[in-house]
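See below for query18.cif, which holds mmCIF, C-alpha atoms.
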```cif
data_structure
#
loop_
_atom_site.label_atom_id
_atom_site.label_comp_id
_atom_site.auth_asym_id
_atom_site.auth_seq_id
_atom_site.Cartn_x
_atom_site.Cartn_y
_atom_site.Cartn_z
CA MET I 1 -96.55 27.67 62.59
CA SER I 2 -99.37 29.48 60.84
CA ALA I 3 -99.10 33.04 59.63
CA ILE I 4 -99.37 35.91 62.08
CA LYS I 5 -102.54 37.95 61.53
CA VAL I 6 -102.11 41.70 61.60
CA ALA I 7 -104.87 44.27 61.05
CA LEU I 8 -104.35 47.82 59.80
CA ALA I 9 -106.85 50.33 61.16
CA GLY I 10 -107.01 54.09 60.80
CA ASN I 11 -108.94 57.16 59.70
CA PRO I 12 -109.44 57.71 55.98
CA ASN I 13 -106.47 59.41 54.24
CA THR I 14 -103.86 58.59 56.83
CA GLY I 15 -101.70 56.59 54.44
CA LYS I 16 -102.97 53.23 55.66
CA SER I 17 -103.05 51.79 52.19
CA THR I 18 -99.63 53.28 51.35
CA LEU I 19 -98.24 51.39 54.33
CA PHE I 20 -100.14 48.29 53.26
CA ASN I 21 -98.64 48.45 49.77
CA THR I 22 -95.16 49.15 51.10
CA LEU I 23 -95.26 46.12 53.38
CA THR I 24 -96.92 43.61 51.10
CA GLY I 25 -95.72 44.77 47.70
CA LEU I 26 -97.39 42.69 45.03
CA LYS I 27 -98.28 39.87 47.38
CA GLN I 28 -101.86 40.92 47.90
CA HIS I 29 -105.36 40.19 46.79
CA THR I 30 -108.58 42.09 47.12
CA GLY I 31 -112.20 41.05 47.34
CA ASN I 32 -115.26 41.99 49.33
CA TRP I 33 -116.01 41.30 52.94
CA PRO I 34 -118.69 38.58 53.04
CA GLY I 35 -122.11 40.05 52.39
CA LYS I 36 -120.92 43.64 52.15
CA THR I 37 -119.85 46.00 49.43
CA VAL I 38 -116.73 46.88 51.33
CA ILE I 39 -113.34 46.15 49.83
CA ARG I 40 -111.21 43.71 51.73
CA ALA I 41 -107.50 43.84 50.93
CA GLU I 42 -105.24 41.16 52.28
CA GLY I 43 -101.53 40.72 51.70
CA SER I 44 -98.59 38.83 53.08
CA PHE I 45 -94.96 39.52 53.90
CA GLU I 46 -92.10 37.98 55.79
CA HIS I 47 -90.00 39.43 58.57
CA LYS I 48 -87.34 37.70 60.66
CA GLY I 49 -88.49 34.31 59.37
CA GLU I 50 -92.13 34.82 60.34
CA GLU I 51 -94.97 34.81 57.86
CA TYR I 52 -97.41 37.70 58.31
CA VAL I 53 -100.87 38.19 56.84
CA LEU I 54 -101.88 41.83 56.77
CA VAL I 55 -105.52 42.92 56.46
CA ASP I 56 -106.21 46.50 55.42
CA LEU I 57 -109.41 47.46 57.26
CA PRO I 58 -111.66 50.17 55.79
CA GLY I 59 -110.68 53.70 56.83
CA THR I 60 -113.09 54.99 59.49
CA TYR I 61 -113.34 57.79 62.04
CA SER I 62 -114.93 55.51 64.59
CA LEU I 63 -115.77 51.87 65.32
CA PHE I 64 -119.35 52.05 66.47
CA SER I 65 -120.90 50.32 63.46
CA ASN I 66 -122.65 53.42 62.13
CA SER I 67 -121.81 52.18 58.64
CA ALA I 68 -120.83 48.96 56.89
CA ASP I 69 -117.20 50.11 56.89
CA GLU I 70 -117.10 50.61 60.62
CA GLU I 71 -118.88 47.33 61.28
CA VAL I 72 -116.40 45.39 59.16
CA ALA I 73 -113.42 46.99 60.90
CA ARG I 74 -114.88 46.49 64.36
CA ASP I 75 -115.94 42.89 63.82
CA TYR I 76 -112.53 41.98 62.51
CA ILE I 77 -110.73 43.33 65.56
CA VAL I 78 -113.21 41.90 68.07
CA PHE I 79 -114.14 38.53 66.60
CA GLU I 80 -111.24 37.58 64.35
CA GLN I 81 -108.76 38.65 66.99
CA PRO I 82 -105.69 39.51 64.97
CA ASP I 83 -102.33 38.87 66.66
CA ALA I 84 -101.65 42.58 66.37
CA THR I 85 -103.54 45.69 65.28
CA ILE I 86 -101.64 48.62 63.84
CA VAL I 87 -103.54 51.88 64.22
CA VAL I 88 -102.32 54.38 61.65
CA LEU I 89 -102.71 58.01 62.73
CA ASP I 90 -102.24 61.22 60.77
CA ALA I 91 -99.45 63.16 62.51
CA THR I 92 -100.99 66.46 61.39
CA SER I 93 -104.33 65.91 63.15
CA LEU I 94 -103.67 63.69 66.12
CA GLU I 95 -106.60 64.96 68.14
CA ARG I 96 -109.19 63.61 65.74
CA ASN I 97 -107.18 60.49 64.97
CA LEU I 98 -106.69 59.50 68.61
CA ASN I 99 -110.46 59.06 68.87
CA LEU I 100 -110.18 55.88 66.83
CA ALA I 101 -107.00 54.81 68.61
CA PHE I 102 -108.75 54.93 71.99
CA GLN I 103 -111.60 52.84 70.63
CA VAL I 104 -109.16 50.20 69.41
CA LEU I 105 -107.36 50.25 72.77
CA GLU I 106 -110.66 49.36 74.42
CA MET I 107 -111.00 46.32 72.19
CA THR I 108 -107.58 44.73 72.29
CA ASP I 109 -104.25 44.89 74.13
CA ARG I 110 -102.09 44.00 71.16
CA VAL I 111 -101.88 47.40 69.52
CA ILE I 112 -99.14 49.39 67.88
CA VAL I 113 -99.84 53.06 67.29
CA CYS I 114 -98.21 54.20 64.10
CA ILE I 115 -97.94 57.94 63.53
CA ASN I 116 -97.75 58.40 59.81
CA LEU I 117 -97.18 61.47 57.61
CA ILE I 118 -94.48 62.61 60.01
CA ASP I 119 -92.82 64.49 57.13
CA GLU I 120 -95.99 66.55 56.68
CA ALA I 121 -96.06 67.30 60.40
CA ASP I 122 -92.41 68.44 60.26
CA LYS I 123 -93.29 70.87 57.48
CA LYS I 124 -96.06 72.32 59.61
CA GLY I 125 -93.76 72.61 62.61
CA ILE I 126 -95.58 69.92 64.59
CA VAL I 127 -93.30 68.04 66.98
CA ILE I 128 -94.50 64.73 68.39
CA ASP I 129 -92.94 63.18 71.49
CA GLU I 130 -93.62 59.53 70.73
CA LYS I 131 -92.04 58.27 73.96
CA LYS I 132 -94.37 60.39 76.07
CA LEU I 133 -97.32 59.33 73.95
CA ALA I 134 -96.35 55.65 74.28
CA ALA I 135 -96.11 56.02 78.06
CA LYS I 136 -99.55 57.65 78.20
CA LEU I 137 -101.25 55.23 75.83
CA GLY I 138 -99.53 52.16 77.27
CA VAL I 139 -98.72 50.75 73.83
CA PRO I 140 -95.72 51.13 71.49
CA VAL I 141 -95.78 54.23 69.31
CA VAL I 142 -93.80 54.40 66.05
CA LYS I 143 -93.31 57.56 64.00
CA MET I 144 -93.09 57.02 60.27
CA SER I 145 -93.55 58.25 56.77
CA ALA I 146 -94.83 55.31 54.75
CA ARG I 147 -94.46 57.08 51.43
CA ASN I 148 -90.79 57.95 52.08
CA LYS I 149 -90.18 54.54 53.65
CA ILE I 150 -89.09 56.11 56.93
CA GLY I 151 -89.77 54.13 60.09
CA ILE I 152 -90.80 50.88 58.35
CA ASP I 153 -87.98 48.86 59.94
CA LEU I 154 -88.79 50.19 63.38
CA LEU I 155 -92.44 49.28 62.85
CA LEU I 156 -91.55 45.74 61.74
CA ASN I 157 -89.21 45.21 64.67
CA THR I 158 -91.83 46.51 67.09
CA LEU I 159 -94.33 44.13 65.50
CA ASP I 160 -91.84 41.28 65.93
CA HIS I 161 -91.39 42.14 69.61
CA LEU I 162 -95.13 42.38 70.14
CA VAL I 163 -96.04 39.02 68.60
CA LYS I 164 -93.13 37.29 70.34
CA GLU I 165 -94.34 38.83 73.60
CA LYS I 166 -91.11 40.66 74.26
CA ILE I 167 -93.32 43.65 74.96
CA ASN I 168 -96.63 43.40 76.74
CA PRO I 169 -98.72 46.51 76.21
CA SER I 170 -101.15 47.63 78.89
CA PRO I 171 -103.36 50.08 77.02
CA TYR I 172 -104.83 53.12 78.65
CA ARG I 173 -108.47 52.47 79.55
CA MET I 174 -110.86 55.32 79.96
CA THR I 175 -112.39 55.46 83.43
CA TYR I 176 -116.05 56.39 83.20
CA SER I 177 -118.36 57.85 85.84
CA GLU I 178 -118.89 55.88 89.04
CA GLU I 179 -122.35 54.76 87.98
CA ILE I 180 -121.17 53.48 84.60
CA GLU I 181 -118.15 51.75 86.15
CA ARG I 182 -120.44 49.98 88.63
CA LYS I 183 -122.69 48.76 85.82
CA ILE I 184 -119.66 47.68 83.79
CA SER I 185 -118.32 45.48 86.57
CA GLN I 186 -121.76 43.91 87.06
CA ILE I 187 -122.13 43.03 83.39
CA GLU I 188 -118.48 42.23 82.81
CA ALA I 189 -118.54 39.34 85.28
CA GLN I 190 -121.33 37.67 83.31
CA ILE I 191 -119.65 38.27 79.98
CA THR I 192 -116.43 36.74 81.23
CA GLY I 193 -118.49 33.76 82.40
CA LEU I 194 -119.84 33.38 78.88
CA PHE I 195 -116.74 34.02 76.79
CA GLY I 196 -113.80 33.74 79.18
CA ALA I 197 -110.87 35.76 77.96
CA GLU I 198 -111.79 35.14 74.30
CA LEU I 199 -113.59 38.43 73.74
CA PRO I 200 -112.91 41.85 75.27
CA SER I 201 -115.39 41.75 78.15
CA ARG I 202 -115.08 45.39 79.21
CA TRP I 203 -115.66 46.60 75.69
CA ILE I 204 -118.71 44.33 75.27
CA ALA I 205 -120.11 45.57 78.60
CA LEU I 206 -119.78 49.16 77.38
CA ARG I 207 -121.48 48.40 74.09
CA LEU I 208 -124.34 46.62 75.86
CA LEU I 209 -124.80 49.62 78.18
CA ASP I 210 -124.98 51.77 75.06
CA GLY I 211 -127.82 49.55 73.77
CA ASP I 212 -125.99 48.16 70.74
CA ASP I 213 -128.57 45.66 69.44
CA ALA I 214 -126.52 44.76 66.38
CA LEU I 215 -123.74 43.57 68.66
CA VAL I 216 -126.11 41.36 70.66
CA ALA I 217 -127.07 39.61 67.40
CA LYS I 218 -123.38 39.25 66.54
CA LEU I 219 -122.61 37.71 69.92
CA LYS I 220 -125.44 35.18 69.54
CA GLU I 221 -124.07 34.26 66.13
CA TYR I 222 -120.61 33.87 67.66
CA ILE I 223 -121.94 31.51 70.35
CA ASP I 224 -123.83 29.42 67.80
CA LYS I 225 -120.77 29.15 65.59
CA LYS I 226 -118.70 28.04 68.53
CA LYS I 227 -121.25 25.37 69.45
CA ASP I 228 -121.20 24.07 65.88
CA GLY I 229 -117.43 24.02 66.00
CA VAL I 230 -117.44 21.87 69.13
CA THR I 231 -119.93 19.37 67.67
CA ALA I 232 -117.91 19.09 64.49
CA ASN I 233 -114.82 18.23 66.51
CA GLU I 234 -116.63 15.33 68.14
CA LEU I 235 -117.52 13.80 64.79
CA PRO I 236 -115.21 11.39 63.00
CA ILE I 237 -112.59 13.14 60.88
CA SER I 238 -114.18 12.05 57.60
CA ALA I 239 -117.39 13.90 58.43
CA ASN I 240 -115.38 17.02 59.06
CA SER I 241 -113.99 17.38 55.58
CA MET J 242 -111.36 88.83 73.82
CA PRO J 243 -114.87 87.41 74.30
CA VAL J 244 -117.61 89.27 72.46
CA SER J 245 -120.37 87.85 74.66
CA LYS J 246 -120.93 84.93 76.97
CA LYS J 247 -124.36 84.35 75.47
CA ILE J 248 -125.04 80.74 74.50
CA VAL J 249 -126.31 80.59 70.92
CA PRO J 250 -126.83 77.79 68.37
CA LEU J 251 -124.05 77.37 65.82
CA SER J 252 -126.62 78.01 63.07
CA GLU J 253 -126.82 81.68 64.10
CA CYS J 254 -123.13 82.30 63.40
CA GLN J 255 -121.95 84.19 60.33
CA PRO J 256 -118.97 83.30 58.12
CA GLY J 257 -115.76 84.42 59.81
CA ASP J 258 -117.12 83.90 63.32
CA CYS J 259 -115.22 81.74 65.75
CA PHE J 260 -117.42 79.61 68.00
CA LEU J 261 -116.62 77.73 71.20
CA LEU J 262 -118.70 74.57 71.46
CA ARG J 263 -120.36 74.06 74.85
CA GLU J 264 -123.09 71.51 74.32
CA LEU J 265 -124.24 69.08 71.67
CA LYS J 266 -127.99 68.46 71.74
CA VAL J 267 -128.04 66.24 68.68
CA GLU J 268 -129.15 62.68 69.48
CA GLY J 269 -128.56 59.17 68.24
CA VAL J 270 -126.26 58.11 65.42
CA MET J 271 -125.69 61.69 64.24
CA ARG J 272 -124.48 62.65 67.71
CA ARG J 273 -121.91 59.85 67.62
CA ARG J 274 -120.85 60.90 64.14
CA LEU J 275 -120.41 64.56 65.09
CA LEU J 276 -118.39 63.60 68.17
CA ASP J 277 -116.15 61.42 65.99
CA LEU J 278 -115.57 64.32 63.62
CA GLY J 279 -114.45 66.62 66.43
CA PHE J 280 -117.65 68.42 67.44
CA VAL J 281 -116.96 67.97 71.15
CA ALA J 282 -117.47 70.38 74.04
CA GLY J 283 -114.52 72.77 74.19
CA ALA J 284 -113.80 72.58 70.46
CA GLU J 285 -113.26 75.82 68.56
CA ILE J 286 -115.21 76.02 65.34
CA LEU J 287 -114.57 78.53 62.58
CA VAL J 288 -117.50 79.35 60.31
CA LEU J 289 -116.09 79.24 56.77
CA GLN J 290 -118.85 79.93 54.26
CA LYS J 291 -122.47 79.43 53.36
CA SER J 292 -123.58 77.54 50.30
CA PRO J 293 -125.45 79.55 47.63
CA LEU J 294 -128.83 78.81 49.16
CA GLY J 295 -127.63 79.47 52.71
CA ASP J 296 -127.71 75.85 53.83
CA PRO J 297 -125.55 73.80 54.42
CA VAL J 298 -122.74 75.83 55.97
CA ALA J 299 -119.06 74.85 55.96
CA PHE J 300 -117.19 74.77 59.27
CA ARG J 301 -113.59 74.19 60.19
CA VAL J 302 -113.15 71.85 63.13
CA SER J 303 -109.83 70.30 64.19
CA HIS J 304 -108.11 71.19 60.90
CA THR J 305 -110.84 69.79 58.67
CA THR J 306 -113.71 71.34 56.75
CA ILE J 307 -117.11 69.85 57.44
CA ALA J 308 -120.46 71.05 56.12
CA LEU J 309 -123.56 70.77 58.30
CA ARG J 310 -127.23 71.35 57.60
CA GLU J 311 -129.18 73.73 59.80
CA GLU J 312 -130.95 70.63 61.10
CA GLU J 313 -127.74 69.74 62.96
CA SER J 314 -126.07 73.12 63.48
CA SER J 315 -129.18 74.49 65.23
CA LEU J 316 -128.68 71.82 67.91
CA ILE J 317 -125.04 72.67 68.57
CA PHE J 318 -124.72 75.29 71.31
CA GLY J 319 -121.88 77.49 72.44
CA GLU J 320 -120.62 81.04 72.50
CA ILE J 321 -119.19 83.27 69.81
CA ILE J 322 -115.65 84.07 70.94
CA ARG J 323 -114.65 86.18 67.96
CA ARG J 324 -116.72 87.97 65.35
CA GLY J 325 -115.57 87.75 61.77
CA PRO J 326 -114.92 90.84 59.66
CA ALA J 327 -118.43 92.03 58.86
#
```
Can you dump the structure from the file as structure tokens?
Amino acid sequence: MSAIKVALAGNPNTGKSTLFNTLTGLKQHTGNWPGKTVIRAEGSFEHKGEEYVLVDLPGTYSLFSNSADEEVARDYIVFEQPDATIVVLDATSLERNLNLAFQVLEMTDRVIVCINLIDEADKKGIVIDEKKLAAKLGVPVVKMSARNKIGIDLLLNTLDHLVKEKINPSPYRMTYSEEIERKISQIEAQITGLFGAELPSRWIALRLLDGDDALVAKLKEYIDKKKDGVTANELPISANS
Amino acid sequence: MPVSKKIVPLSECQPGDCFLLRELKVEGVMRRRLLDLGFVAGAEILVLQKSPLGDPVAFRVSHTTIALREEESSLIFGEIIRRGPA
């Protein structure tokens, strides 16, 4: 079985990279994302006999492709479809951080929300009810302090349960105004016709309604790539290599 | 205790003032950016300080300091809920 792909998303300065280093140790390499001056860090680790590949996405406040960082993070989650996405949130400013979490929840079901810097929150007298939050968000929520190595085991076990489908998250989806919802269902049907369950149809419908031209180009590219892939499979094996 | 219910642009606030955001009239990418950073309707914004030349101005919004130019702050509307010490 091939390695399980896991993406790490989060706002800047939430301890995403601390978590990344804790999990992967020295088993990591860095480079750039193709065609962009954005650092791509990838590492691997093992847990319960499974091989994981962890990708540290750039820290962003949003995933609307306002910058190269956001585009890289968004494209990875939507098109590369990691087996799980861990959204790292800063326990001391959840309000701002949840903005990104909700965006990720619109893109994929396989999400773990990881509330980091819980020690800092304790110091400030902030108490977080992770069970209530998990019930509201519809995905597992893990409290941790990556730098003090608190909560790492719980995170790994949750990850294990998620990829082995022992838990099936049903993320909270924002309900928009009646007019927008009507448009979404019109467009969504066509998107599902085009991509099936491969890509998040509701999310794409929303982006199209928002007039995201860059995404349209990306989708065309995705279709072309898929076509090429199919043709290559029909060729003799020797021509494939 | 509300000082006034008058809707004013954020750019008219003085350091120390506390401002309740009602409406964001900024458009396009900057609008998205400001929303991401916490400039949403209902947010309380504390005016921290002006830069030496008066622009940009630093604001505190959801526990973070963010500086905005008048270009943006003049398009953010709300009411002053507390005047700073003059």
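Within 10 Å of Leu54 of chain I, once only C-alpha atoms are used and residues closer than 5 positions along the same chain are dropped, the contacting residues are Ala3, Ile4, Lys5, Val6, Ala7, Leu8, Phe20, Leu23, Thr24, Gln28, Ala41, Glu42, Gly43, Ser44, Phe45, Pro82, Ala84, Thr85 and Ile86 of chain I.
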Worksheet item: So what does the PyMOL selection byres ((chain J) within 12 of (chain I)) actually pick up in this one, as a PyMOL selection string?
Response: chain J and resi 269-281+284+302-305
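Here atom CA of Glu312 of chain J is placed at a distance of 27.4 Å from atom CA of Arg207 of chain I.
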Discussion item. What's around Ala91 of chain I at 10 Å? Count all atoms listed in the file, leave out sequence neighbours fewer than 5 positions away in its own chain, and write the answer as JSON, numbers by chain.
Written reply: {"I": [14, 97, 114, 115, 116, 117, 118, 119, 120, 121, 122, 126, 127, 128, 143, 144, 145]}
Mind writing the picked residues with C-alpha atoms as a PDB file, keeping the file's coordinate frame?
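Wrote it out as out.pdb, contents follow:
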```pdb
ATOM      1  CA  THR I  14    -103.860  58.590  56.830  1.00  0.00           C
ATOM      2  CA  ASN I  97    -107.180  60.490  64.970  1.00  0.00           C
ATOM      3  CA  CYS I 114     -98.210  54.200  64.100  1.00  0.00           C
ATOM      4  CA  ILE I 115     -97.940  57.940  63.530  1.00  0.00           C
ATOM      5  CA  ASN I 116     -97.750  58.400  59.810  1.00  0.00           C
ATOM      6  CA  LEU I 117     -97.180  61.470  57.610  1.00  0.00           C
ATOM      7  CA  ILE I 118     -94.480  62.610  60.010  1.00  0.00           C
ATOM      8  CA  ASP I 119     -92.820  64.490  57.130  1.00  0.00           C
ATOM      9  CA  GLU I 120     -95.990  66.550  56.680  1.00  0.00           C
ATOM     10  CA  ALA I 121     -96.060  67.300  60.400  1.00  0.00           C
ATOM     11  CA  ASP I 122     -92.410  68.440  60.260  1.00  0.00           C
ATOM     12  CA  ILE I 126     -95.580  69.920  64.590  1.00  0.00           C
ATOM     13  CA  VAL I 127     -93.300  68.040  66.980  1.00  0.00           C
ATOM     14  CA  ILE I 128     -94.500  64.730  68.390  1.00  0.00           C
ATOM     15  CA  LYS I 143     -93.310  57.560  64.000  1.00  0.00           C
ATOM     16  CA  MET I 144     -93.090  57.020  60.270  1.00  0.00           C
ATOM     17  CA  SER I 145     -93.550  58.250  56.770  1.00  0.00           C
TER      18      SER I 145
END
```
Worksheet item: Which distance in Å separates atom CA of Ile184 of chain I and atom CA of Tyr222 of chain I, to one decimal?
Response: 21.3 Å
Discussion item. Since I can't run it myself right now, could you work out what the PyMOL selection byres ((chain I and resi 39) around 12) selects here and report it as number ranges by chain?
Written reply: I: 17, 29-38, 40-42, 55-59, 68-69, 72-73
Worksheet item: Hey, which of J:Lys247, J:Arg323, J:Gln290, J:Gly295 ends up closest to Ile307 of chain J? Count all atoms listed in the file.
Response: J:Gln290
Fill in: Spatial neighbours of Ile187 of chain I, max dist 12 Å, only C-alpha atoms, sep filter under 6 positions, as a ChimeraX atom specification
/I:180-181,193-194,201-209
Size and centre in Å, one decimal, axis-aligned box, all listed segment 109-114 of chain I atoms plus 3 Å per side, as JSON:
```
{"center_x": -101.2, "center_y": 49.1, "center_z": 69.1, "size_x": 12.0, "size_y": 16.2, "size_z": 16.0}
```
Discussion item. Excluding Phe300 of chain J and its own-chain neighbours fewer than 2 positions away, which residues fall within 7 Å of it when counting all atoms listed in the file? Please give them as a VMD selection string.
Written reply: chain J and resid 286 to 289 298 302 306 to 308
Worksheet entry | Residues near Val113 of chain I, cut-off 9 Å, only C-alpha atoms, skip fewer than 6 positions along chain, as a ChimeraX atom specification | /I:85-89,101,134,137,139-143
Worksheet entry | Atomic distance atom CA of Ser170 of chain I - atom CA of His47 of chain I, expressed in Å with one decimal |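 Taking atom CA of Ser170 of chain I as the start and atom CA of His47 of chain I as the end point, the length is 24.6 Å.
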